[in-house]
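Student: Structure supplied as my_file_10.cif; contents: mmCIF, C-alpha atoms.
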```cif
data_model
loop_
_atom_site.group_PDB
_atom_site.id
_atom_site.type_symbol
_atom_site.label_atom_id
_atom_site.label_comp_id
_atom_site.auth_asym_id
_atom_site.auth_seq_id
_atom_site.Cartn_x
_atom_site.Cartn_y
_atom_site.Cartn_z
ATOM 1 C CA MET A 1 -21.599 -87.639 29.856
ATOM 2 C CA SER A 2 -22.153 -89.013 26.368
ATOM 3 C CA ARG A 3 -25.339 -90.844 25.680
ATOM 4 C CA ILE A 4 -24.966 -94.660 24.999
ATOM 5 C CA LYS A 5 -26.852 -95.941 21.958
ATOM 6 C CA TYR A 6 -27.999 -99.531 21.235
ATOM 7 C CA TYR A 7 -29.315 -101.287 18.175
ATOM 8 C CA TYR A 8 -31.182 -104.629 17.705
ATOM 9 C CA ASP A 9 -29.200 -107.379 16.000
ATOM 10 C CA PRO A 10 -31.610 -109.846 14.248
ATOM 11 C CA LYS A 11 -28.939 -112.465 13.953
ATOM 12 C CA SER A 12 -28.277 -112.727 17.639
ATOM 13 C CA CYS A 13 -31.731 -111.548 18.646
ATOM 14 C CA LYS A 14 -30.052 -109.217 21.108
ATOM 15 C CA TYR A 15 -29.534 -105.480 21.612
ATOM 16 C CA GLU A 16 -25.990 -104.668 20.840
ATOM 17 C CA ARG A 17 -24.167 -101.521 21.912
ATOM 18 C CA TYR A 18 -23.664 -99.068 19.021
ATOM 19 C CA LYS A 19 -20.065 -98.139 18.485
ATOM 20 C CA ARG A 20 -19.284 -95.046 16.366
ATOM 21 C CA SER A 21 -16.499 -95.182 13.823
ATOM 22 C CA LYS A 22 -13.887 -92.464 13.576
ATOM 23 C CA TRP A 23 -15.303 -91.452 10.197
ATOM 24 C CA ASP A 24 -18.751 -90.863 11.700
ATOM 25 C CA THR A 25 -17.195 -88.776 14.457
ATOM 26 C CA LEU A 26 -15.304 -86.725 11.904
ATOM 27 C CA LEU A 27 -18.398 -86.136 9.767
ATOM 28 C CA ASN A 28 -20.430 -85.121 12.774
ATOM 29 C CA GLY A 29 -17.727 -82.703 13.843
ATOM 30 C CA LEU A 30 -17.475 -81.183 10.397
ATOM 31 C CA GLY A 31 -21.240 -80.830 10.222
ATOM 32 C CA PHE A 32 -21.314 -79.085 13.557
ATOM 33 C CA LEU A 33 -18.523 -76.741 12.555
ATOM 34 C CA SER A 34 -20.210 -75.938 9.241
ATOM 35 C CA LEU A 35 -23.510 -75.187 10.895
ATOM 36 C CA SER A 36 -21.793 -73.067 13.518
ATOM 37 C CA SER A 37 -19.906 -71.136 10.836
ATOM 38 C CA VAL A 38 -23.058 -70.467 8.844
ATOM 39 C CA LEU A 39 -24.888 -69.311 11.932
ATOM 40 C CA ALA A 40 -21.956 -67.128 12.907
ATOM 41 C CA ILE A 41 -21.843 -65.508 9.481
ATOM 42 C CA VAL A 42 -25.579 -64.896 9.512
ATOM 43 C CA PHE A 43 -25.304 -63.432 12.996
ATOM 44 C CA ILE A 44 -22.446 -61.119 11.969
ATOM 45 C CA ILE A 45 -24.326 -59.951 8.877
ATOM 46 C CA VAL A 46 -27.488 -59.271 10.860
ATOM 47 C CA PHE A 47 -25.494 -57.533 13.628
ATOM 48 C CA ASN A 48 -23.578 -55.353 11.188
ATOM 49 C CA PHE A 49 -26.792 -54.466 9.402
ATOM 50 C CA TYR A 50 -28.455 -53.138 12.530
ATOM 51 C CA PHE A 51 -25.451 -52.114 14.601
ATOM 52 C CA ASP A 52 -22.276 -50.121 13.745
ATOM 53 C CA SER A 53 -18.818 -51.248 14.663
ATOM 54 C CA PRO A 54 -16.589 -48.897 16.718
ATOM 55 C CA LYS A 55 -14.621 -48.057 13.567
ATOM 56 C CA GLU A 56 -17.790 -47.295 11.622
ATOM 57 C CA LEU A 57 -19.059 -45.170 14.485
ATOM 58 C CA LEU A 58 -15.778 -43.215 14.416
ATOM 59 C CA LEU A 59 -15.961 -42.742 10.644
ATOM 60 C CA LYS A 60 -19.574 -41.620 10.812
ATOM 61 C CA ARG A 61 -18.711 -39.121 13.526
ATOM 62 C CA GLU A 62 -15.834 -37.814 11.407
ATOM 63 C CA ASN A 63 -18.131 -37.520 8.365
ATOM 64 C CA SER A 64 -20.675 -35.656 10.434
ATOM 65 C CA GLU A 65 -17.989 -33.242 11.654
ATOM 66 C CA LEU A 66 -16.666 -32.764 8.106
ATOM 67 C CA LYS A 67 -20.155 -31.930 6.825
ATOM 68 C CA PHE A 68 -20.637 -29.507 9.703
ATOM 69 C CA TYR A 69 -17.370 -27.686 8.984
ATOM 70 C CA TYR A 70 -18.066 -27.771 5.254
ATOM 71 C CA GLN A 71 -21.345 -25.961 5.887
ATOM 72 C CA LEU A 72 -19.477 -23.415 8.035
ATOM 73 C CA MET A 73 -16.976 -22.884 5.212
ATOM 74 C CA GLU A 74 -19.828 -22.450 2.740
ATOM 75 C CA GLU A 75 -21.349 -19.815 5.007
ATOM 76 C CA GLU A 76 -18.003 -18.022 5.422
ATOM 77 C CA VAL A 77 -17.425 -18.021 1.660
ATOM 78 C CA GLY A 78 -20.928 -16.577 1.238
ATOM 79 C CA LYS A 79 -20.195 -13.822 3.781
ATOM 80 C CA MET A 80 -16.892 -13.023 2.069
ATOM 81 C CA ASN A 81 -18.701 -12.797 -1.261
ATOM 82 C CA ASP A 82 -21.197 -10.358 0.264
ATOM 83 C CA MET A 83 -18.380 -8.234 1.703
ATOM 84 C CA LEU A 84 -16.535 -8.273 -1.618
ATOM 85 C CA THR A 85 -19.712 -7.259 -3.469
ATOM 86 C CA ASP A 86 -20.078 -4.297 -1.101
ATOM 87 C CA LEU A 87 -16.453 -3.268 -1.732
ATOM 88 C CA GLN A 88 -16.970 -3.583 -5.489
ATOM 89 C CA GLN A 89 -20.078 -1.386 -5.361
ATOM 90 C CA ARG A 90 -18.267 1.255 -3.310
ATOM 91 C CA ASP A 91 -15.341 1.101 -5.694
ATOM 92 C CA ASP A 92 -17.494 1.582 -8.804
ATOM 93 C CA ASN A 93 -20.135 3.947 -7.403
ATOM 94 C CA LEU A 94 -18.073 6.093 -5.028
ATOM 95 C CA TYR A 95 -14.287 6.014 -5.308
ATOM 96 C CA ARG A 96 -14.103 5.873 -9.104
ATOM 97 C CA ILE A 97 -16.746 8.565 -9.479
ATOM 98 C CA ILE A 98 -14.824 10.857 -7.119
ATOM 99 C CA PHE A 99 -11.632 10.359 -9.108
ATOM 100 C CA GLU A 100 -13.406 10.476 -12.490
ATOM 101 C CA SER A 101 -12.498 6.955 -13.549
ATOM 102 C CA GLU A 102 -14.599 4.396 -15.405
ATOM 103 C CA PRO A 103 -16.033 1.507 -13.296
ATOM 104 C CA ILE A 104 -14.520 -1.939 -13.837
ATOM 105 C CA ALA A 105 -16.490 -3.951 -16.384
ATOM 106 C CA PRO A 106 -18.499 -6.864 -14.871
ATOM 107 C CA GLU A 107 -16.915 -9.347 -17.295
ATOM 108 C CA ILE A 108 -13.494 -8.460 -15.873
ATOM 109 C CA ARG A 109 -14.646 -8.844 -12.274
ATOM 110 C CA GLN A 110 -16.311 -12.214 -13.054
ATOM 111 C CA ALA A 111 -13.497 -13.543 -15.263
ATOM 112 C CA GLY A 112 -12.870 -17.311 -15.226
ATOM 113 C CA VAL A 113 -10.045 -18.924 -13.302
ATOM 114 C CA GLY A 114 -9.158 -21.952 -15.413
ATOM 115 C CA GLY A 115 -10.182 -24.449 -18.082
ATOM 116 C CA SER A 116 -12.093 -27.710 -17.909
ATOM 117 C CA ASP A 117 -9.052 -29.542 -16.462
ATOM 118 C CA LYS A 118 -8.804 -27.200 -13.491
ATOM 119 C CA TYR A 119 -10.033 -29.910 -11.094
ATOM 120 C CA LYS A 120 -8.795 -32.944 -13.012
ATOM 121 C CA GLU A 121 -6.733 -34.233 -10.082
ATOM 122 C CA ILE A 122 -9.776 -34.215 -7.800
ATOM 123 C CA ARG A 123 -11.863 -36.107 -10.357
ATOM 124 C CA GLU A 124 -9.158 -38.727 -10.848
ATOM 125 C CA LYS A 125 -9.242 -39.610 -7.141
ATOM 126 C CA GLY A 126 -12.849 -40.791 -7.419
ATOM 127 C CA LEU A 127 -13.948 -39.246 -4.117
ATOM 128 C CA ASN A 128 -17.468 -39.890 -2.845
ATOM 129 C CA GLN A 129 -18.036 -36.175 -2.234
ATOM 130 C CA GLU A 130 -16.388 -35.099 -5.479
ATOM 131 C CA LYS A 131 -19.113 -32.641 -6.518
ATOM 132 C CA MET A 132 -19.189 -30.979 -3.120
ATOM 133 C CA ILE A 133 -15.401 -30.595 -3.015
ATOM 134 C CA ILE A 134 -15.169 -29.260 -6.586
ATOM 135 C CA SER A 135 -18.040 -26.844 -5.930
ATOM 136 C CA LEU A 136 -16.344 -25.370 -2.854
ATOM 137 C CA ASN A 137 -12.988 -25.134 -4.648
ATOM 138 C CA ALA A 138 -14.638 -23.344 -7.582
ATOM 139 C CA LYS A 139 -16.244 -20.793 -5.235
ATOM 140 C CA ILE A 140 -12.938 -20.172 -3.450
ATOM 141 C CA ASP A 141 -11.079 -19.788 -6.765
ATOM 142 C CA ALA A 142 -13.679 -17.320 -8.038
ATOM 143 C CA LEU A 143 -13.441 -15.381 -4.778
ATOM 144 C CA LYS A 144 -9.637 -15.266 -5.027
ATOM 145 C CA ARG A 145 -9.864 -13.983 -8.592
ATOM 146 C CA GLN A 146 -12.333 -11.235 -7.675
ATOM 147 C CA MET A 147 -10.235 -10.236 -4.673
ATOM 148 C CA TYR A 148 -7.194 -9.925 -6.934
ATOM 149 C CA VAL A 149 -9.127 -7.717 -9.373
ATOM 150 C CA GLN A 150 -10.342 -5.577 -6.462
ATOM 151 C CA SER A 151 -6.793 -5.296 -5.092
ATOM 152 C CA VAL A 152 -5.553 -4.072 -8.471
ATOM 153 C CA SER A 153 -8.467 -1.636 -8.587
ATOM 154 C CA TYR A 154 -7.542 -0.177 -5.191
ATOM 155 C CA ASP A 155 -3.952 0.255 -6.366
ATOM 156 C CA GLU A 156 -5.311 2.204 -9.342
ATOM 157 C CA VAL A 157 -7.623 4.287 -7.144
ATOM 158 C CA SER A 158 -4.707 5.028 -4.811
ATOM 159 C CA GLU A 159 -2.687 6.252 -7.777
ATOM 160 C CA LEU A 160 -5.654 8.322 -8.948
ATOM 161 C CA ALA A 161 -5.887 9.892 -5.490
ATOM 162 C CA LEU A 162 -2.236 10.871 -5.612
ATOM 163 C CA ARG A 163 -2.695 12.235 -9.123
ATOM 164 C CA LYS A 164 -5.782 14.153 -7.988
ATOM 165 C CA GLU A 165 -3.768 15.814 -5.233
ATOM 166 C CA GLU A 166 -1.088 16.647 -7.777
ATOM 167 C CA TYR A 167 -3.769 17.943 -10.146
ATOM 168 C CA TRP A 168 -5.230 20.417 -7.652
ATOM 169 C CA ALA A 169 -1.736 21.619 -6.730
ATOM 170 C CA SER A 170 -0.938 22.164 -10.427
ATOM 171 C CA VAL A 171 -4.095 23.959 -11.562
ATOM 172 C CA PRO A 172 -3.430 27.729 -11.881
ATOM 173 C CA ALA A 173 -5.729 28.874 -9.085
ATOM 174 C CA ILE A 174 -4.537 32.283 -7.796
ATOM 175 C CA GLN A 175 -3.867 35.760 -9.195
ATOM 176 C CA PRO A 176 -0.299 36.309 -10.399
ATOM 177 C CA ILE A 177 0.234 39.374 -8.180
ATOM 178 C CA LEU A 178 -1.053 40.465 -4.793
ATOM 179 C CA ASN A 179 -4.371 42.207 -5.397
ATOM 180 C CA GLU A 180 -5.943 42.439 -1.991
ATOM 181 C CA ASP A 181 -8.072 45.500 -2.846
ATOM 182 C CA LEU A 182 -9.113 43.974 -6.212
ATOM 183 C CA ASN A 183 -8.267 47.252 -7.986
ATOM 184 C CA LEU A 184 -5.281 46.166 -10.079
ATOM 185 C CA LEU A 185 -7.132 44.290 -12.818
ATOM 186 C CA ALA A 186 -7.009 46.749 -15.716
ATOM 187 C CA SER A 187 -8.317 44.698 -18.633
ATOM 188 C CA GLY A 188 -10.088 41.365 -18.960
ATOM 189 C CA PHE A 189 -10.204 38.444 -21.390
ATOM 190 C CA GLY A 190 -12.037 38.783 -24.721
ATOM 191 C CA MET A 191 -12.461 41.410 -27.433
ATOM 192 C CA ARG A 192 -10.658 44.599 -26.392
ATOM 193 C CA VAL A 193 -9.285 47.714 -28.083
ATOM 194 C CA HIS A 194 -5.594 47.203 -28.792
ATOM 195 C CA PRO A 195 -3.579 50.089 -27.212
ATOM 196 C CA ILE A 196 -1.295 50.480 -30.230
ATOM 197 C CA LEU A 197 -3.380 49.328 -33.203
ATOM 198 C CA LYS A 198 -6.549 50.965 -31.854
ATOM 199 C CA VAL A 199 -8.761 48.156 -33.200
ATOM 200 C CA ARG A 200 -10.892 45.574 -31.432
ATOM 201 C CA LYS A 201 -8.824 42.434 -31.069
ATOM 202 C CA LEU A 202 -8.972 39.273 -29.023
ATOM 203 C CA HIS A 203 -7.208 39.874 -25.746
ATOM 204 C CA THR A 204 -5.900 36.401 -24.845
ATOM 205 C CA GLY A 205 -5.317 37.088 -21.150
ATOM 206 C CA VAL A 206 -5.876 39.631 -18.378
ATOM 207 C CA ASP A 207 -3.773 42.672 -17.480
ATOM 208 C CA PHE A 208 -2.835 43.588 -13.913
ATOM 209 C CA ALA A 209 -1.498 47.140 -13.646
ATOM 210 C CA ALA A 210 1.140 47.481 -10.925
ATOM 211 C CA PRO A 211 4.306 49.481 -10.200
ATOM 212 C CA LYS A 212 7.505 48.315 -11.841
ATOM 213 C CA GLY A 213 9.252 45.716 -9.668
ATOM 214 C CA THR A 214 6.059 44.317 -8.119
ATOM 215 C CA PRO A 215 6.582 40.556 -7.479
ATOM 216 C CA ILE A 216 4.907 38.107 -9.874
ATOM 217 C CA TYR A 217 4.028 34.639 -8.541
ATOM 218 C CA ALA A 218 3.472 31.233 -10.111
ATOM 219 C CA THR A 219 -0.231 30.432 -9.950
ATOM 220 C CA GLY A 220 0.251 26.647 -9.722
ATOM 221 C CA ASP A 221 2.916 23.961 -9.400
ATOM 222 C CA GLY A 222 4.828 23.225 -12.564
ATOM 223 C CA ILE A 223 8.047 23.410 -14.556
ATOM 224 C CA VAL A 224 9.312 26.602 -16.189
ATOM 225 C CA LYS A 225 9.012 25.968 -19.893
ATOM 226 C CA THR A 226 10.334 29.307 -21.154
ATOM 227 C CA ALA A 227 12.033 32.329 -19.621
ATOM 228 C CA LYS A 228 13.264 34.621 -22.370
ATOM 229 C CA THR A 229 13.150 38.074 -23.919
ATOM 230 C CA ILE A 230 11.789 39.031 -27.338
ATOM 231 C CA PHE A 231 11.633 42.494 -28.937
ATOM 232 C CA GLY A 232 8.037 43.616 -29.186
ATOM 233 C CA GLY A 233 5.141 41.331 -28.318
ATOM 234 C CA TYR A 234 5.513 39.741 -24.884
ATOM 235 C CA GLY A 235 8.902 41.303 -24.163
ATOM 236 C CA LYS A 236 10.353 39.463 -21.193
ATOM 237 C CA TYR A 237 8.023 36.574 -20.430
ATOM 238 C CA VAL A 238 7.835 33.256 -18.602
ATOM 239 C CA GLU A 239 5.826 30.146 -19.509
ATOM 240 C CA ILE A 240 5.104 27.453 -16.938
ATOM 241 C CA ASP A 241 3.921 23.958 -17.867
ATOM 242 C CA HIS A 242 1.653 22.733 -15.071
ATOM 243 C CA GLY A 243 0.817 19.378 -16.643
ATOM 244 C CA PHE A 244 -2.748 18.112 -17.108
ATOM 245 C CA GLY A 245 -2.985 20.318 -20.233
ATOM 246 C CA PHE A 246 -2.371 23.631 -18.367
ATOM 247 C CA VAL A 247 0.193 26.267 -19.386
ATOM 248 C CA THR A 248 0.418 29.807 -17.942
ATOM 249 C CA ARG A 249 2.209 32.779 -19.479
ATOM 250 C CA TYR A 250 3.440 35.961 -17.709
ATOM 251 C CA ALA A 251 4.451 38.766 -20.099
ATOM 252 C CA HIS A 252 6.089 42.257 -20.104
ATOM 253 C CA MET A 253 8.206 41.395 -17.040
ATOM 254 C CA ASN A 254 11.072 43.542 -15.790
ATOM 255 C CA ASP A 255 13.302 40.628 -14.744
ATOM 256 C CA PHE A 256 13.295 36.886 -14.063
ATOM 257 C CA LYS A 257 13.617 35.004 -10.790
ATOM 258 C CA VAL A 258 13.547 31.571 -12.434
ATOM 259 C CA ARG A 259 15.171 29.767 -15.370
ATOM 260 C CA ALA A 260 13.923 27.286 -17.946
ATOM 261 C CA GLY A 261 13.613 23.731 -16.571
ATOM 262 C CA GLN A 262 13.203 24.881 -12.963
ATOM 263 C CA LYS A 263 10.406 23.390 -10.820
ATOM 264 C CA VAL A 264 8.174 25.910 -9.078
ATOM 265 C CA LYS A 265 5.386 25.744 -6.532
ATOM 266 C CA ARG A 266 2.250 27.830 -6.404
ATOM 267 C CA GLY A 267 3.175 31.155 -4.771
ATOM 268 C CA ASP A 268 6.876 31.056 -5.738
ATOM 269 C CA GLN A 269 8.119 34.371 -7.145
ATOM 270 C CA ILE A 270 9.069 34.008 -10.800
ATOM 271 C CA GLY A 271 9.843 37.635 -11.679
ATOM 272 C CA THR A 272 8.729 41.257 -11.350
ATOM 273 C CA VAL A 273 6.333 43.565 -13.151
ATOM 274 C CA GLY A 274 7.846 45.527 -16.044
ATOM 275 C CA ASN A 275 7.014 47.437 -19.199
ATOM 276 C CA THR A 276 8.862 45.425 -21.852
ATOM 277 C CA GLY A 277 7.691 44.447 -25.325
ATOM 278 C CA SER A 278 4.492 45.899 -26.760
ATOM 279 C CA SER A 279 3.389 47.452 -23.488
ATOM 280 C CA THR A 280 1.988 50.923 -22.820
ATOM 281 C CA ALA A 281 2.360 50.899 -19.012
ATOM 282 C CA PRO A 282 3.920 48.727 -16.278
ATOM 283 C CA HIS A 283 1.757 45.662 -15.897
ATOM 284 C CA VAL A 284 1.755 41.858 -16.160
ATOM 285 C CA HIS A 285 -0.181 40.251 -18.976
ATOM 286 C CA TYR A 286 -1.331 36.867 -17.655
ATOM 287 C CA GLU A 287 -2.642 33.994 -19.812
ATOM 288 C CA VAL A 288 -4.018 30.540 -19.070
ATOM 289 C CA ILE A 289 -3.844 27.953 -21.853
ATOM 290 C CA LYS A 290 -5.789 24.702 -21.485
ATOM 291 C CA ASP A 291 -5.269 21.944 -24.052
ATOM 292 C CA ASP A 292 -3.672 24.452 -26.469
ATOM 293 C CA ARG A 293 -6.600 26.891 -26.219
ATOM 294 C CA PHE A 294 -6.703 30.287 -24.514
ATOM 295 C CA VAL A 295 -9.231 30.381 -21.663
ATOM 296 C CA ASN A 296 -10.391 33.171 -19.378
ATOM 297 C CA PRO A 297 -7.914 33.283 -16.460
ATOM 298 C CA VAL A 298 -10.539 34.827 -14.160
ATOM 299 C CA GLN A 299 -12.345 31.468 -14.154
ATOM 300 C CA TYR A 300 -9.364 30.045 -12.247
ATOM 301 C CA PHE A 301 -9.137 32.676 -9.501
ATOM 302 C CA PHE A 302 -10.866 30.405 -6.985
ATOM 303 C CA LYS A 303 -8.087 29.735 -4.500
ATOM 304 C CA ASP A 304 -7.554 33.193 -3.005
ATOM 305 C CA LEU A 305 -10.973 34.842 -3.443
ATOM 306 C CA THR A 306 -14.227 34.655 -1.513
ATOM 307 C CA PRO A 307 -17.439 34.280 -3.551
ATOM 308 C CA GLU A 308 -18.124 38.007 -3.108
ATOM 309 C CA GLU A 309 -14.601 38.967 -4.187
ATOM 310 C CA TYR A 310 -14.844 36.645 -7.184
ATOM 311 C CA ASP A 311 -18.090 38.285 -8.284
ATOM 312 C CA LYS A 312 -16.441 41.703 -8.040
ATOM 313 C CA ILE A 313 -13.342 40.787 -10.043
ATOM 314 C CA LEU A 314 -15.530 38.996 -12.604
ATOM 315 C CA GLU A 315 -17.476 42.233 -13.048
ATOM 316 C CA LEU A 316 -14.260 44.243 -13.499
ATOM 317 C CA ALA A 317 -12.898 41.753 -16.031
ATOM 318 C CA SER A 318 -16.107 41.866 -18.068
ATOM 319 C CA LYS A 319 -15.782 45.592 -18.845
ATOM 320 C CA GLU A 320 -14.843 46.048 -22.489
ATOM 321 C CA ASN A 321 -12.081 48.643 -22.308
ATOM 322 C CA GLN A 322 -8.623 49.156 -23.794
ATOM 323 C CA SER A 323 -5.976 46.585 -22.920
ATOM 324 C CA LEU A 324 -2.449 47.556 -21.857
ATOM 325 C CA SER A 325 -0.758 45.291 -24.421
#
```
Kindly present the structure from the file in structure tokens form.

Tutor:
Amino acid sequence: MSRIKYYYDPKSCKYERYKRSKWDTLLNGLGFLSLSSVLAIVFIIVFNFYFDSPKELLLKRENSELKFYYQLMEEEVGKMNDMLTDLQQRDDNLYRIIFESEPIAPEIRQAGVGGSDKYKEIREKGLNQEKMIISLNAKIDALKRQMYVQSVSYDEVSELALRKEEYWASVPAIQPILNEDLNLLASGFGMRVHPILKVRKLHTGVDFAAPKGTPIYATGDGIVKTAKTIFGGYGKYVEIDHGFGFVTRYAHMNDFKVRAGQKVKRGDQIGTVGNTGSSTAPHVHYEVIKDDRFVNPVQYFFKDLTPEEYDKILELASKENQSLS
């Protein structure tokens, strides 16, 4: 119930009832609304300052979760870096040493992954967590680059392993004839008396005396380079190219079991013992050539001899006697 107001009228000396005009009512209403609006705004500001809205609470929860998972990703990237570092150290200090290969240079492993505009798109978005996002992306990119380098390195090591297997199969590592009793080596490598010239001369191989027709075997995998006959000198002889700088030569043969261009394996028969060329008795003159230089073949008899047998044949080969060719 509205309150009735009166005012004193001096003209009539009476209290007259106060009647509001429509304009006064309108002004009062506007004043009330204005005050209410101001109070409401102040209340909202104060409320929002101290209390979060449901949407803000949701966003804060999402931000908290994002930070949590970002930290997990940082930790995982750190663990992956540690694992990669371990693989790199094994690669450089174990695998490459075994296969006689140079370690990968640090500047190659740590090579950059892009220029200054690498993360231009991220910067243009103006994100609040720009530095954090760019930092994580940079770490991931660096990790990807190092993983790629390591992958290439393992491909190279794998190829080296295959080549190493091929190398050991190719090295001339056995005697060219069966010599179970170690009594067939007649003359060793070095200065020997030539059987025809009767002067001391470098004997470029070793001589194995054996009956005519005794099988001669390839001492390592390779390709027959030469199989021919010459008058004097080597007579009938075979040369095998083993790769890796190794060539073997088998001279004074009676006949051939191979032809030029043919692939042979260690232990394959390539011919028989003879007495052709400048030879004074049936035997095989066997040479090992490494990087175009004659080397002592006895040093490569490690595949079919025990340490004791090797010592014995080394002693026999060291005797300075007359060669057979």

Student: Name the residues captured by the PyMOL selection byres ((chain A and resi 173-185) around 7) when it is applied to the shown file; answer as a list in words.

Tutor: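 Against this file, the PyMOL selection byres ((chain A and resi 173-185) around 7) returns the residues Val171, Pro172, Ala186, Ser187, Asp207, Phe208, Ala209, Ala210, Pro215, Ile216, Tyr217, Ala218, Thr219, Gly220, Tyr300, Phe301, Phe302, Lys303, Asp304 and Ile313 of chain A.
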
Student: Convert the current residue selection to file output with C-alpha atoms, as a compact mmCIF listing (two decimals), in the frame of the given file.

Tutor:
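Contents of selection38.txt, freshly written:
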```txt
# COMPACT_ATOMS: atom_id res chain seq x y z
CA VAL A 171 -4.10 23.96 -11.56
CA PRO A 172 -3.43 27.73 -11.88
CA ALA A 186 -7.01 46.75 -15.72
CA SER A 187 -8.32 44.70 -18.63
CA ASP A 207 -3.77 42.67 -17.48
CA PHE A 208 -2.84 43.59 -13.91
CA ALA A 209 -1.50 47.14 -13.65
CA ALA A 210 1.14 47.48 -10.92
CA PRO A 215 6.58 40.56 -7.48
CA ILE A 216 4.91 38.11 -9.87
CA TYR A 217 4.03 34.64 -8.54
CA ALA A 218 3.47 31.23 -10.11
CA THR A 219 -0.23 30.43 -9.95
CA GLY A 220 0.25 26.65 -9.72
CA TYR A 300 -9.36 30.04 -12.25
CA PHE A 301 -9.14 32.68 -9.50
CA PHE A 302 -10.87 30.40 -6.98
CA LYS A 303 -8.09 29.74 -4.50
CA ASP A 304 -7.55 33.19 -3.00
CA ILE A 313 -13.34 40.79 -10.04
```

Student: Applying the PyMOL selection byres ((chain A and resi 278) around 8) to the file I just gave you, which residues come out? Please list them as a ChimeraX atom specification.

Tutor: /A:232-235,252,276-277,279-280,325

Student: For the selection you just gave me, I'd like the residues written to a file as a compact mmCIF listing (two decimals), in the coordinates of the input, keeping C-alpha atoms.

Tutor:
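The resulting file, out_0.txt, is shown below:
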```
# COMPACT_ATOMS: atom_id res chain seq x y z
CA GLY A 232 8.04 43.62 -29.19
CA GLY A 233 5.14 41.33 -28.32
CA TYR A 234 5.51 39.74 -24.88
CA GLY A 235 8.90 41.30 -24.16
CA HIS A 252 6.09 42.26 -20.10
CA THR A 276 8.86 45.42 -21.85
CA GLY A 277 7.69 44.45 -25.32
CA SER A 279 3.39 47.45 -23.49
CA THR A 280 1.99 50.92 -22.82
CA SER A 325 -0.76 45.29 -24.42
```

Student: For atom CA of A:Ile223 and atom CA of A:Phe294, quote the distance in Å rounded to one decimal.

Tutor: 19.1 Å

Student: Once 4 Å is added on each side, what centre and edge lengths in Å to one decimal does the axis-aligned box around all listed atoms of stretch 58-70 of chain A have, as AutoDock Vina command-line options?

Tutor:
```
--center_x -18.2 --center_y -35.5 --center_z 9.8 --size_x 12.9 --size_y 23.5 --size_z 17.2
```

Student: Quick check on the file I pasted: which residues fall under the PyMOL selection byres ((chain A and resi 155-170) around 8)? Write them as a ChimeraX atom specification.

Tutor: /A:95-96,99,151-154,171-172,220-222,242-244,266

Student: Would you mind exporting the chosen residues as a PDB file, keeping the file's coordinate frame, restricted to C-alpha atoms?

Tutor:
```pdb
ATOM      1  CA  TYR A  95     -14.287   6.014  -5.308  1.00  0.00           C
ATOM      2  CA  ARG A  96     -14.103   5.873  -9.104  1.00  0.00           C
ATOM      3  CA  PHE A  99     -11.632  10.359  -9.108  1.00  0.00           C
ATOM      4  CA  SER A 151      -6.793  -5.296  -5.092  1.00  0.00           C
ATOM      5  CA  VAL A 152      -5.553  -4.072  -8.471  1.00  0.00           C
ATOM      6  CA  SER A 153      -8.467  -1.636  -8.587  1.00  0.00           C
ATOM      7  CA  TYR A 154      -7.542  -0.177  -5.191  1.00  0.00           C
ATOM      8  CA  VAL A 171      -4.095  23.959 -11.562  1.00  0.00           C
ATOM      9  CA  PRO A 172      -3.430  27.729 -11.881  1.00  0.00           C
ATOM     10  CA  GLY A 220       0.251  26.647  -9.722  1.00  0.00           C
ATOM     11  CA  ASP A 221       2.916  23.961  -9.400  1.00  0.00           C
ATOM     12  CA  GLY A 222       4.828  23.225 -12.564  1.00  0.00           C
ATOM     13  CA  HIS A 242       1.653  22.733 -15.071  1.00  0.00           C
ATOM     14  CA  GLY A 243       0.817  19.378 -16.643  1.00  0.00           C
ATOM     15  CA  PHE A 244      -2.748  18.112 -17.108  1.00  0.00           C
ATOM     16  CA  ARG A 266       2.250  27.830  -6.404  1.00  0.00           C
TER      17      ARG A 266
END
```

Student: Write out as an mmCIF file with C-alpha atoms, in the coordinates of the input the residues lying within 9 Å of A:Glu320, counting only C-alpha atoms and excluding same-chain residues fewer than 3 positions away.

Tutor:
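As written to disk, part.cif reads:
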```cif
data_model
loop_
_atom_site.group_PDB
_atom_site.id
_atom_site.type_symbol
_atom_site.label_atom_id
_atom_site.label_comp_id
_atom_site.auth_asym_id
_atom_site.auth_seq_id
_atom_site.Cartn_x
_atom_site.Cartn_y
_atom_site.Cartn_z
ATOM 1 C CA SER A 187 -8.317 44.698 -18.633
ATOM 2 C CA GLY A 188 -10.088 41.365 -18.960
ATOM 3 C CA PHE A 189 -10.204 38.444 -21.390
ATOM 4 C CA GLY A 190 -12.037 38.783 -24.721
ATOM 5 C CA MET A 191 -12.461 41.410 -27.433
ATOM 6 C CA ARG A 192 -10.658 44.599 -26.392
ATOM 7 C CA VAL A 193 -9.285 47.714 -28.083
ATOM 8 C CA ALA A 317 -12.898 41.753 -16.031
ATOM 9 C CA SER A 323 -5.976 46.585 -22.920
#
```

Student: Tell me which of A:Lys131, A:Arg145, A:His285, A:Lys60 sits closest to A:Thr248, counting only C-alpha atoms.

Tutor: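 Using only C-alpha atoms, A:Thr248 sits closest to A:His285.
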